[in-house]
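Novice: Sharing a structure below in structure tokens format, with a few things to ask.
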Amino acid sequence: MRRSPFLRVVGALALLTADASLGGLSHGLGLVPRSQRSGLVKRRRVQAPATATDRIAQVTIGAYVAQVARPSLAALGARSTRLILRAGQWWRLATPMLLHGSPAHLMVNMLALRNVGGALERAYGSKRTALVYALAGVGGNVLPVVLKGMSDSALSVGASGAVAGLVGALAVHLYRHSHLYGTSGLKSIRDTVLMNAALGMTSHNVDNLAHLGGLLTGAASAYVFGANWVRPYEGAQHYVDRPL
């Protein structure tokens, strides 16, 4: 999430999306016991199509096209801790998720968004997915500002913190409903997070704190208002969504 693309995390992101089921979310209900599928199938039939992920991608790509016409990242809203703290430009906590260092940087993040966001949106719906993404994008910029303070002189751009938030939210969802999905999706996410962390430690161009901030914000958001499928009464054959 710094000034150059972090292509070295492509392999880690591919690991997340390579699991065909992602705990049953990405491609059907393969890991859900047959006796428990009916309620979830009914729920999926009435859900709106996954559109938030596509719209986020469209806005982000459009922002990059506009960015090409004025390539000054500082002027466009890159995260600058010194400008945030000294000049009070707090909007720089949100705008970096719309900016990218190169077409390759943009492509990596949008591919990750499509796969992880699409899976989460099937469970959360469009509004909650978009809200998690936005909060995680901001949270991913807040953590470096808080921990590094004025010692951070770099400019930072990219949607990776927001995407990491979707991963965190998906992890909470799979953990909360592990009785339905099993644990393979959680293991894929664990391996992905660990691989990203390891790769990030080998490159100064990767903003690890932004990834961590986004991941934690997404997980916290999922815990507070994420989907919580429960049986409405003992013995019920269907599930209802009752967020905490």
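Residue numbering restarts at 1 in every chain; chains get A, B, ... in the order shown in the structure tokens, and ligands count up from 1 in that same order.
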If you run DSSP on this backbone, which residues of segment 42-156 of chain A come out as helix (DSSP H, G or I), and could you give them as number ranges by chain?
Specialist: A: 42-46, 52-69, 73-76, 81-87, 90-93, 95-98, 103-151
Novice: Quick one: everything within 6 Å of segment 75-80 of chain A, counting only C-alpha atoms, minus sequence neighbours fewer than 4 positions away in the same chain. Send it as a list in words.
Specialist: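 Here the answer would be Arg92, Thr95, Pro96, Leu155, Ser156 and Val157 of chain A.
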Novice: Generate the output file for the selected residues, N, CA and C atoms, as a PDB file, in the first residue's frame.
Specialist:
ATOM      1  N   ARG A  92      -7.556  12.446   4.188  1.00  0.00           N
ATOM      2  CA  ARG A  92      -6.525  11.570   3.644  1.00  0.00           C
ATOM      3  C   ARG A  92      -6.540  10.179   4.289  1.00  0.00           C
ATOM      4  N   THR A  95      -9.229   8.794   1.248  1.00  0.00           N
ATOM      5  CA  THR A  95      -8.944   8.882  -0.191  1.00  0.00           C
ATOM      6  C   THR A  95      -7.887   7.914  -0.707  1.00  0.00           C
ATOM      7  N   PRO A  96      -6.914   7.474   0.093  1.00  0.00           N
ATOM      8  CA  PRO A  96      -5.896   6.573  -0.470  1.00  0.00           C
ATOM      9  C   PRO A  96      -6.453   5.289  -1.056  1.00  0.00           C
ATOM     10  N   LEU A 155       4.453   8.599   1.413  1.00  0.00           N
ATOM     11  CA  LEU A 155       3.096   8.673   0.888  1.00  0.00           C
ATOM     12  C   LEU A 155       2.598   7.248   0.684  1.00  0.00           C
ATOM     13  N   SER A 156       1.337   7.022   0.984  1.00  0.00           N
ATOM     14  CA  SER A 156       0.795   5.672   0.872  1.00  0.00           C
ATOM     15  C   SER A 156      -0.530   5.707   0.130  1.00  0.00           C
ATOM     16  N   VAL A 157      -0.690   4.772  -0.814  1.00  0.00           N
ATOM     17  CA  VAL A 157      -1.939   4.671  -1.581  1.00  0.00           C
ATOM     18  C   VAL A 157      -2.287   3.200  -1.759  1.00  0.00           C
TER      19      VAL A 157
END
Novice: When distances are computed from only C-alpha atoms, which of A:Asn208, A:Thr129, A:Gln67, A:Asn109 shows the smallest separation from Val163 of chain A?
Specialist: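 Ranking A:Asn208, A:Thr129, A:Gln67, A:Asn109 by distance to Val163 of chain A, first place goes to A:Asn109.
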Novice: Skip Gly226 of chain A itself and residues of its chain fewer than 5 positions away, then list as JSON, numbers by chain all residues within 8 Å of it, counting only C-alpha atoms.
Specialist: {"A": [124, 128, 169, 173, 221, 243, 244]}
Novice: Would you save the residues of that selection, restricted to C-alpha atoms, as a PDB file, in the first residue's frame?
Specialist:
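Saved the output as again.pdb:
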ATOM      1  CA  TYR A 124     -23.665  -9.984   3.971  1.00  0.00           C
ATOM      2  CA  ARG A 128     -22.969  -4.322   4.738  1.00  0.00           C
ATOM      3  CA  ALA A 169     -14.814 -10.017   7.929  1.00  0.00           C
ATOM      4  CA  HIS A 173     -18.190 -15.059   9.312  1.00  0.00           C
ATOM      5  CA  SER A 221     -17.097  -4.702  11.894  1.00  0.00           C
ATOM      6  CA  PRO A 243     -26.746  -9.498  13.916  1.00  0.00           C
ATOM      7  CA  LEU A 244     -25.477  -8.833  17.410  1.00  0.00           C
TER       8      LEU A 244
END
Novice: Mind pulling up the distance from atom CA of Lys148 of chain A to atom CA of Pro71 of chain A?
Specialist: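 The value is 26.1 Å.
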Novice: Contacts of Tyr175 of chain A at 10 Å or less, counting only C-alpha atoms, minus same-chain residues fewer than 6 places along, as a VMD selection string?
Specialist: chain A and resid 23 169 181 to 183 185 to 186
Novice: With N, CA and C atoms kept, could you save the residues just selected as an mmCIF file, in the first residue's frame?
Specialist:
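Heads up, here's the output in selection21.cif:
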data_model
loop_
_atom_site.group_PDB
_atom_site.id
_atom_site.type_symbol
_atom_site.label_atom_id
_atom_site.label_comp_id
_atom_site.auth_asym_id
_atom_site.auth_seq_id
_atom_site.Cartn_x
_atom_site.Cartn_y
_atom_site.Cartn_z
ATOM 1 N N GLY A 23 -15.095 -22.414 2.285
ATOM 2 C CA GLY A 23 -16.021 -22.743 3.355
ATOM 3 C C GLY A 23 -17.442 -22.837 2.876
ATOM 4 N N ALA A 169 -13.381 -9.804 7.737
ATOM 5 C CA ALA A 169 -14.814 -10.017 7.929
ATOM 6 C C ALA A 169 -15.219 -11.425 7.515
ATOM 7 N N TYR A 181 -20.043 -24.400 7.805
ATOM 8 C CA TYR A 181 -19.078 -24.377 6.715
ATOM 9 C C TYR A 181 -17.858 -25.263 6.919
ATOM 10 N N GLY A 182 -17.636 -25.715 8.121
ATOM 11 C CA GLY A 182 -16.409 -26.440 8.370
ATOM 12 C C GLY A 182 -15.243 -25.467 8.577
ATOM 13 N N THR A 183 -14.023 -25.955 8.447
ATOM 14 C CA THR A 183 -12.859 -25.128 8.769
ATOM 15 C C THR A 183 -11.898 -24.905 7.607
ATOM 16 N N GLY A 185 -12.157 -23.113 4.883
ATOM 17 C CA GLY A 185 -12.064 -21.708 4.506
ATOM 18 C C GLY A 185 -11.226 -20.911 5.485
ATOM 19 N N LEU A 186 -11.404 -21.192 6.786
ATOM 20 C CA LEU A 186 -10.618 -20.507 7.809
ATOM 21 C C LEU A 186 -9.133 -20.826 7.671
#
Novice: Between atom CA of Asn141 of chain A and atom CA of His177 of chain A, what is the distance in Å, rounded to a tenth?
Specialist: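 Atom CA of His177 of chain A lies at a distance of 29.5 Å from atom CA of Asn141 of chain A.
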Novice: Go through A:Arg242, A:Arg114, A:His204, A:Arg55 one by one, measure the shortest atom-to-atom distance of each to Leu166 of chain A using only C-alpha atoms, and give the residue with the smallest value.
Specialist: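 Looking at the shortest contact to Leu166 of chain A, the residue is A:Arg114.
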Novice: Using only C-alpha atoms, pick whichever of A:Leu120, A:Leu106, A:Ala112, A:Leu209 has the shortest atom-to-atom distance to Val142 of chain A.
Specialist: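 Ranked by minimum distance to Val142 of chain A, first place goes to A:Leu209.
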Novice: To one decimal in Å, tell me the separation between atom CA of Ala171 of chain A and atom CA of Ala57 of chain A.
Specialist: 21.7 Å
Novice: Return as a PyMOL selection string the full set of residues in segment 170-241 of chain A whose backbone-based DSSP assignment is strand (DSSP E).
Specialist: chain A and resi 229-230+240-241
Novice: Output N, CA and C atoms for every residue in the selection just made, as an mmCIF file, in the first residue's frame.
Specialist:
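Saved file part.cif follows:
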data_model
loop_
_atom_site.group_PDB
_atom_site.id
_atom_site.type_symbol
_atom_site.label_atom_id
_atom_site.label_comp_id
_atom_site.auth_asym_id
_atom_site.auth_seq_id
_atom_site.Cartn_x
_atom_site.Cartn_y
_atom_site.Cartn_z
ATOM 1 N N TRP A 229 -26.319 -16.070 11.417
ATOM 2 C CA TRP A 229 -27.401 -16.985 11.078
ATOM 3 C C TRP A 229 -27.705 -17.912 12.249
ATOM 4 N N VAL A 230 -28.936 -17.840 12.714
ATOM 5 C CA VAL A 230 -29.368 -18.677 13.836
ATOM 6 C C VAL A 230 -30.739 -19.263 13.514
ATOM 7 N N VAL A 240 -32.309 -17.556 10.273
ATOM 8 C CA VAL A 240 -32.582 -16.134 10.088
ATOM 9 C C VAL A 240 -31.335 -15.349 10.486
ATOM 10 N N ASP A 241 -31.181 -14.186 9.929
ATOM 11 C CA ASP A 241 -30.005 -13.362 10.196
ATOM 12 C C ASP A 241 -30.317 -12.425 11.348
#
